[in-house]
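Each remark here refers to the structure printed beneath this line.
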Amino acid sequence: MGRTNSRRRKSTSSWSGLYQDMTDAVIPVGHVPSDGVTDCLDISQATKQPVRIVHTSDTHLEHDRLRNSAAAAGNPEVVLPDGEILVHTGDFNRYRANCCVRSLHHEDLLHEINSFFERFPHQLKVFVAGNHDSCLQALSMEEVQRHLPSCVYLCDSSTEYEGIKIYGSPYTASRFLTTATGFTEPWRRLKRHWAAIPEDTDVLVTHMPPLGILDLASEKLPVKCPALFRLKTACLPPGTCRTCGFVHAGREHWGCPVLRETVLTRVKPKLHLFGHVHESYGTLQRDNTVFSNGAFLLKRKYNVFDYYMEDCNGVQQG
């Protein structure tokens with residue numbers, strides 16, 4: 001399979017070893033056993049090829065920088081690898097409101113989304129909206145899907161690929177002083193969206209991250225009013241964050257605590273894909289769930305996973 005039999009992962013100190021930092025180019029997920037000694041993932045028992053899942057997010061109309069392997073020869077753009085499933089977890093639209101030109105009309109945005117997905121050879125392509133995709137919120141799921149024949153649009157709904165159950169939701173928490181209000185709701189109302197996630201979900205696709213998991217973002221105050229921020233920190237020195245255990249002055253967690261509880265204690269998916277927080281691109285693992293923030297805009301990167309399946313007799317299959 002072109003991979004070693006095991007892969008070592010370094011513990012992140014922010015979670016005292018509960019979380020594992022995922023650094024490989026292709027990360028094995030799903031029904032992958034541990035070697036029982038070093039907590040390494042051992043794929044030597046797999047007899048068939050896994051399902052490859054490619055994840056990106058928050059392209060903000062810079063999707064033309066992402067090319068498939070056939071079209072990227074000689075070009076400097078980022079090449080998305082081939083695979084079986086391609087997932088975009090929202091914020092396809094422009095990042096800044098004053099830059100919205102083509103995307104204010106939903107038909108223009110949907111055309112761009114569909115054109116993006118049809119470039120790639122993946123057998124299943126999945127899209128959930130984000131808070132910058134506000135022009136889609138007034139449309140029914142059926143109407144959006146009619147404009148997106150090249151992908152599956154998920155909005156508190158599910159799809160399936162070769163036994164892998166995928167559930168998607170676009171909703172995020174409302175934030176103060178932002179024009180990106182698509183699919184946003186007050187914190188207390190987000191609970192009903194997370195409560196609808198089926199317990200047998202294998203791959204969870206959301207735009208919003210769980211609290212404390214790849215969700216650390218800059219506050220507006222140090223960016224907009226640095227002098228006032230310096231005065232604030234001088235009078236009130238920042239303390240240890242109760243969420244992650246670190247001191248991170250000028251940065252805050254954007255993730256949802258109820259989503260975190262839902263993922264870690266009730267649903268326990270093998271893979272949770274999201275975006276929203278550009279500064280926290282990356283992957284990590286807790287327990288048997290791998291988390292992926294695929295925000296593309298800052299890092300110009302994507303995440304790739306090999307999903308190993310299991311049949312009713314407990315024998316792995318791809």
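For the structure tokens, the naming scheme is as follows: chains receive sequential letters (A, B, ...) according to their order of presentation, residues are indexed from 1 within each chain, and ligands are indexed from 1 in presentation order.
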Near segment 156-165 of chain A, counting only C-alpha atoms, which residues have an atom at most 8 Å away, once you skip same-chain residues fewer than 5 positions from it, shown as JSON, numbers by chain? {"A": [124, 170, 193, 196, 197, 200, 201, 202, 203, 309]}
Give me the residues near segment 107-116 of chain A as an MDAnalysis selection string, where near means some atom within 10 Å (using only C-alpha atoms) and where sequence neighbours in that chain fewer than 3 positions away do not count. chainID A and resid 61 63:64 66:67 88 92:94 101:104 119:120 127 133 135:136 144:151
Residue selection dump (N, CA, C and O atoms) as an mmCIF file, in the first residue's frame:
```cif
data_model
loop_
_atom_site.group_PDB
_atom_site.id
_atom_site.type_symbol
_atom_site.label_atom_id
_atom_site.label_comp_id
_atom_site.auth_asym_id
_atom_site.auth_seq_id
_atom_site.Cartn_x
_atom_site.Cartn_y
_atom_site.Cartn_z
ATOM 1 N N LEU A 61 -13.703 31.357 -2.614
ATOM 2 C CA LEU A 61 -13.605 31.667 -4.037
ATOM 3 C C LEU A 61 -12.167 31.676 -4.557
ATOM 4 O O LEU A 61 -11.883 32.262 -5.608
ATOM 5 N N HIS A 63 -10.902 28.688 -5.107
ATOM 6 C CA HIS A 63 -10.923 27.272 -5.453
ATOM 7 C C HIS A 63 -10.172 26.968 -6.734
ATOM 8 O O HIS A 63 -9.799 25.823 -6.983
ATOM 9 N N ASP A 64 -9.930 27.985 -7.573
ATOM 10 C CA ASP A 64 -9.176 27.746 -8.804
ATOM 11 C C ASP A 64 -7.728 27.364 -8.530
ATOM 12 O O ASP A 64 -7.031 26.859 -9.426
ATOM 13 N N LEU A 66 -6.939 25.031 -6.574
ATOM 14 C CA LEU A 66 -6.959 23.588 -6.353
ATOM 15 C C LEU A 66 -7.220 22.885 -7.680
ATOM 16 O O LEU A 66 -8.230 23.132 -8.335
ATOM 17 N N ARG A 67 -6.310 21.999 -8.063
ATOM 18 C CA ARG A 67 -6.416 21.309 -9.340
ATOM 19 C C ARG A 67 -6.336 19.803 -9.128
ATOM 20 O O ARG A 67 -5.789 19.327 -8.126
ATOM 21 N N HIS A 88 -15.834 19.126 0.891
ATOM 22 C CA HIS A 88 -15.603 20.562 1.128
ATOM 23 C C HIS A 88 -16.539 20.980 2.258
ATOM 24 O O HIS A 88 -17.758 20.874 2.133
ATOM 25 N N PHE A 92 -17.297 28.449 0.833
ATOM 26 C CA PHE A 92 -16.864 28.532 -0.557
ATOM 27 C C PHE A 92 -16.835 29.977 -1.014
ATOM 28 O O PHE A 92 -16.078 30.354 -1.894
ATOM 29 N N ASN A 93 -17.649 30.810 -0.390
ATOM 30 C CA ASN A 93 -17.838 32.203 -0.770
ATOM 31 C C ASN A 93 -16.669 33.070 -0.339
ATOM 32 O O ASN A 93 -15.775 32.631 0.372
ATOM 33 N N ARG A 94 -16.697 34.343 -0.760
ATOM 34 C CA ARG A 94 -15.635 35.293 -0.450
ATOM 35 C C ARG A 94 -15.438 35.450 1.048
ATOM 36 O O ARG A 94 -16.377 35.363 1.832
ATOM 37 N N VAL A 101 -18.289 39.870 -5.319
ATOM 38 C CA VAL A 101 -18.636 40.367 -6.644
ATOM 39 C C VAL A 101 -19.553 39.372 -7.342
ATOM 40 O O VAL A 101 -20.718 39.637 -7.582
ATOM 41 N N ARG A 102 -19.028 38.174 -7.612
ATOM 42 C CA ARG A 102 -19.805 37.180 -8.350
ATOM 43 C C ARG A 102 -20.764 36.415 -7.463
ATOM 44 O O ARG A 102 -21.691 35.785 -7.953
ATOM 45 N N SER A 103 -20.539 36.445 -6.147
ATOM 46 C CA SER A 103 -21.166 35.459 -5.282
ATOM 47 C C SER A 103 -22.402 35.936 -4.533
ATOM 48 O O SER A 103 -22.935 35.205 -3.732
ATOM 49 N N LEU A 104 -22.848 37.153 -4.753
ATOM 50 C CA LEU A 104 -24.033 37.623 -4.040
ATOM 51 C C LEU A 104 -25.280 36.902 -4.536
ATOM 52 O O LEU A 104 -26.222 36.701 -3.789
ATOM 53 N N ARG A 119 -14.505 19.001 -11.761
ATOM 54 C CA ARG A 119 -13.124 18.835 -12.232
ATOM 55 C C ARG A 119 -12.492 17.539 -11.739
ATOM 56 O O ARG A 119 -11.535 17.039 -12.327
ATOM 57 N N PHE A 120 -12.982 17.031 -10.622
ATOM 58 C CA PHE A 120 -12.272 15.968 -9.919
ATOM 59 C C PHE A 120 -12.916 14.613 -10.173
ATOM 60 O O PHE A 120 -14.135 14.497 -10.337
ATOM 61 N N PHE A 127 -20.562 18.402 -0.108
ATOM 62 C CA PHE A 127 -20.435 19.820 0.241
ATOM 63 C C PHE A 127 -21.420 20.190 1.332
ATOM 64 O O PHE A 127 -22.605 19.840 1.262
ATOM 65 N N ASP A 133 -21.529 31.442 3.183
ATOM 66 C CA ASP A 133 -22.379 31.015 2.065
ATOM 67 C C ASP A 133 -23.841 31.371 2.331
ATOM 68 O O ASP A 133 -24.759 30.566 2.124
ATOM 69 N N CYS A 135 -26.048 33.162 0.898
ATOM 70 C CA CYS A 135 -27.051 33.224 -0.170
ATOM 71 C C CYS A 135 -27.715 31.875 -0.412
ATOM 72 O O CYS A 135 -28.726 31.801 -1.116
ATOM 73 N N LEU A 136 -27.206 30.802 0.186
ATOM 74 C CA LEU A 136 -27.810 29.487 0.027
ATOM 75 C C LEU A 136 -28.840 29.175 1.103
ATOM 76 O O LEU A 136 -29.622 28.236 0.952
ATOM 77 N N VAL A 144 -31.026 23.550 -3.944
ATOM 78 C CA VAL A 144 -29.566 23.613 -4.025
ATOM 79 C C VAL A 144 -29.024 22.390 -4.746
ATOM 80 O O VAL A 144 -28.150 22.500 -5.618
ATOM 81 N N GLN A 145 -29.548 21.225 -4.403
ATOM 82 C CA GLN A 145 -29.055 19.989 -5.012
ATOM 83 C C GLN A 145 -29.283 19.971 -6.517
ATOM 84 O O GLN A 145 -28.456 19.433 -7.266
ATOM 85 N N ARG A 146 -30.387 20.562 -6.987
ATOM 86 C CA ARG A 146 -30.647 20.614 -8.433
ATOM 87 C C ARG A 146 -29.561 21.379 -9.175
ATOM 88 O O ARG A 146 -29.270 21.084 -10.342
ATOM 89 N N HIS A 147 -28.976 22.371 -8.495
ATOM 90 C CA HIS A 147 -27.910 23.160 -9.111
ATOM 91 C C HIS A 147 -26.539 22.515 -8.958
ATOM 92 O O HIS A 147 -25.554 23.026 -9.508
ATOM 93 N N LEU A 148 -26.454 21.423 -8.194
ATOM 94 C CA LEU A 148 -25.166 20.788 -7.910
ATOM 95 C C LEU A 148 -25.181 19.316 -8.321
ATOM 96 O O LEU A 148 -25.049 18.418 -7.478
ATOM 97 N N PRO A 149 -25.306 19.044 -9.606
ATOM 98 C CA PRO A 149 -25.331 17.639 -10.032
ATOM 99 C C PRO A 149 -24.015 16.914 -9.830
ATOM 100 O O PRO A 149 -23.988 15.679 -9.815
ATOM 101 N N SER A 150 -22.917 17.655 -9.655
ATOM 102 C CA SER A 150 -21.612 17.002 -9.526
ATOM 103 C C SER A 150 -21.248 16.653 -8.087
ATOM 104 O O SER A 150 -20.184 16.073 -7.849
ATOM 105 N N CYS A 151 -22.107 17.000 -7.108
ATOM 106 C CA CYS A 151 -21.786 16.684 -5.719
ATOM 107 C C CYS A 151 -23.064 16.443 -4.925
ATOM 108 O O CYS A 151 -24.171 16.681 -5.411
#
```
Counting only C-alpha atoms, the residue of A:Gly83, A:Pro269, A:Pro28, A:Gly212 that sits nearest Tyr167 of chain A: A:Pro269
Compile the contact shell of Val258 of chain A as a PDB file with N, CA, C and O atoms, in the first residue's frame: residues with an atom at most 9 Å away, counting only C-alpha atoms, same-chain residues fewer than 2 positions apart removed.
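Here's the written file out27.pdb:
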```pdb
ATOM      1  N   TRP A 187     -26.016  30.173  20.404  1.00  0.00           N
ATOM      2  CA  TRP A 187     -25.423  28.970  20.972  1.00  0.00           C
ATOM      3  C   TRP A 187     -26.479  27.979  21.458  1.00  0.00           C
ATOM      4  O   TRP A 187     -26.371  26.775  21.203  1.00  0.00           O
ATOM      5  N   LEU A 190     -28.080  25.783  18.759  1.00  0.00           N
ATOM      6  CA  LEU A 190     -27.274  24.822  18.021  1.00  0.00           C
ATOM      7  C   LEU A 190     -27.499  23.396  18.509  1.00  0.00           C
ATOM      8  O   LEU A 190     -27.267  22.436  17.766  1.00  0.00           O
ATOM      9  N   LYS A 191     -27.958  23.251  19.742  1.00  0.00           N
ATOM     10  CA  LYS A 191     -28.128  21.923  20.327  1.00  0.00           C
ATOM     11  C   LYS A 191     -29.019  21.032  19.479  1.00  0.00           C
ATOM     12  O   LYS A 191     -28.770  19.833  19.355  1.00  0.00           O
ATOM     13  N   TRP A 194     -27.110  19.401  16.603  1.00  0.00           N
ATOM     14  CA  TRP A 194     -26.204  18.318  17.024  1.00  0.00           C
ATOM     15  C   TRP A 194     -26.997  17.113  17.534  1.00  0.00           C
ATOM     16  O   TRP A 194     -26.557  15.970  17.367  1.00  0.00           O
ATOM     17  N   PRO A 210     -15.572  21.464  17.136  1.00  0.00           N
ATOM     18  CA  PRO A 210     -15.912  21.301  18.552  1.00  0.00           C
ATOM     19  C   PRO A 210     -15.024  22.199  19.410  1.00  0.00           C
ATOM     20  O   PRO A 210     -13.919  22.569  19.003  1.00  0.00           O
ATOM     21  N   LEU A 211     -15.486  22.525  20.588  1.00  0.00           N
ATOM     22  CA  LEU A 211     -14.715  23.380  21.490  1.00  0.00           C
ATOM     23  C   LEU A 211     -13.376  22.740  21.828  1.00  0.00           C
ATOM     24  O   LEU A 211     -13.294  21.564  22.188  1.00  0.00           O
ATOM     25  N   CYS A 256     -17.767  24.738  19.513  1.00  0.00           N
ATOM     26  CA  CYS A 256     -19.004  24.581  20.266  1.00  0.00           C
ATOM     27  C   CYS A 256     -18.843  23.486  21.321  1.00  0.00           C
ATOM     28  O   CYS A 256     -18.489  22.347  20.990  1.00  0.00           O
ATOM     29  N   ARG A 260     -18.765  19.294  20.850  1.00  0.00           N
ATOM     30  CA  ARG A 260     -17.689  18.472  21.412  1.00  0.00           C
ATOM     31  C   ARG A 260     -18.238  17.316  22.235  1.00  0.00           C
ATOM     32  O   ARG A 260     -17.804  16.159  22.104  1.00  0.00           O
ATOM     33  N   GLU A 261     -19.203  17.608  23.091  1.00  0.00           N
ATOM     34  CA  GLU A 261     -19.807  16.567  23.909  1.00  0.00           C
ATOM     35  C   GLU A 261     -20.516  15.534  23.040  1.00  0.00           C
ATOM     36  O   GLU A 261     -20.432  14.317  23.298  1.00  0.00           O
ATOM     37  N   THR A 262     -21.192  16.000  22.011  1.00  0.00           N
ATOM     38  CA  THR A 262     -21.895  15.095  21.106  1.00  0.00           C
ATOM     39  C   THR A 262     -20.932  14.151  20.402  1.00  0.00           C
ATOM     40  O   THR A 262     -21.166  12.940  20.302  1.00  0.00           O
ATOM     41  N   VAL A 263     -19.826  14.695  19.920  1.00  0.00           N
ATOM     42  CA  VAL A 263     -18.873  13.890  19.164  1.00  0.00           C
ATOM     43  C   VAL A 263     -18.138  12.897  20.060  1.00  0.00           C
ATOM     44  O   VAL A 263     -17.995  11.715  19.721  1.00  0.00           O
TER      45      VAL A 263
END
```
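If you count only C-alpha atoms and ignore residues fewer than 4 places along the chain from Ala180 of chain A, what sits within 8 Å of it is Ala97, Asn131, His132, Asp133 and Ser134 of chain A.
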Residues of the last selection are to be written out with C-alpha atoms, as an mmCIF file, in the first residue's frame.
```cif
data_model
loop_
_atom_site.group_PDB
_atom_site.id
_atom_site.type_symbol
_atom_site.label_atom_id
_atom_site.label_comp_id
_atom_site.auth_asym_id
_atom_site.auth_seq_id
_atom_site.Cartn_x
_atom_site.Cartn_y
_atom_site.Cartn_z
ATOM 1 C CA ALA A 97 -17.912 41.217 2.397
ATOM 2 C CA ASN A 131 -21.374 31.070 7.432
ATOM 3 C CA HIS A 132 -20.043 32.948 4.370
ATOM 4 C CA ASP A 133 -22.379 31.015 2.065
ATOM 5 C CA SER A 134 -25.392 32.994 3.253
#
```
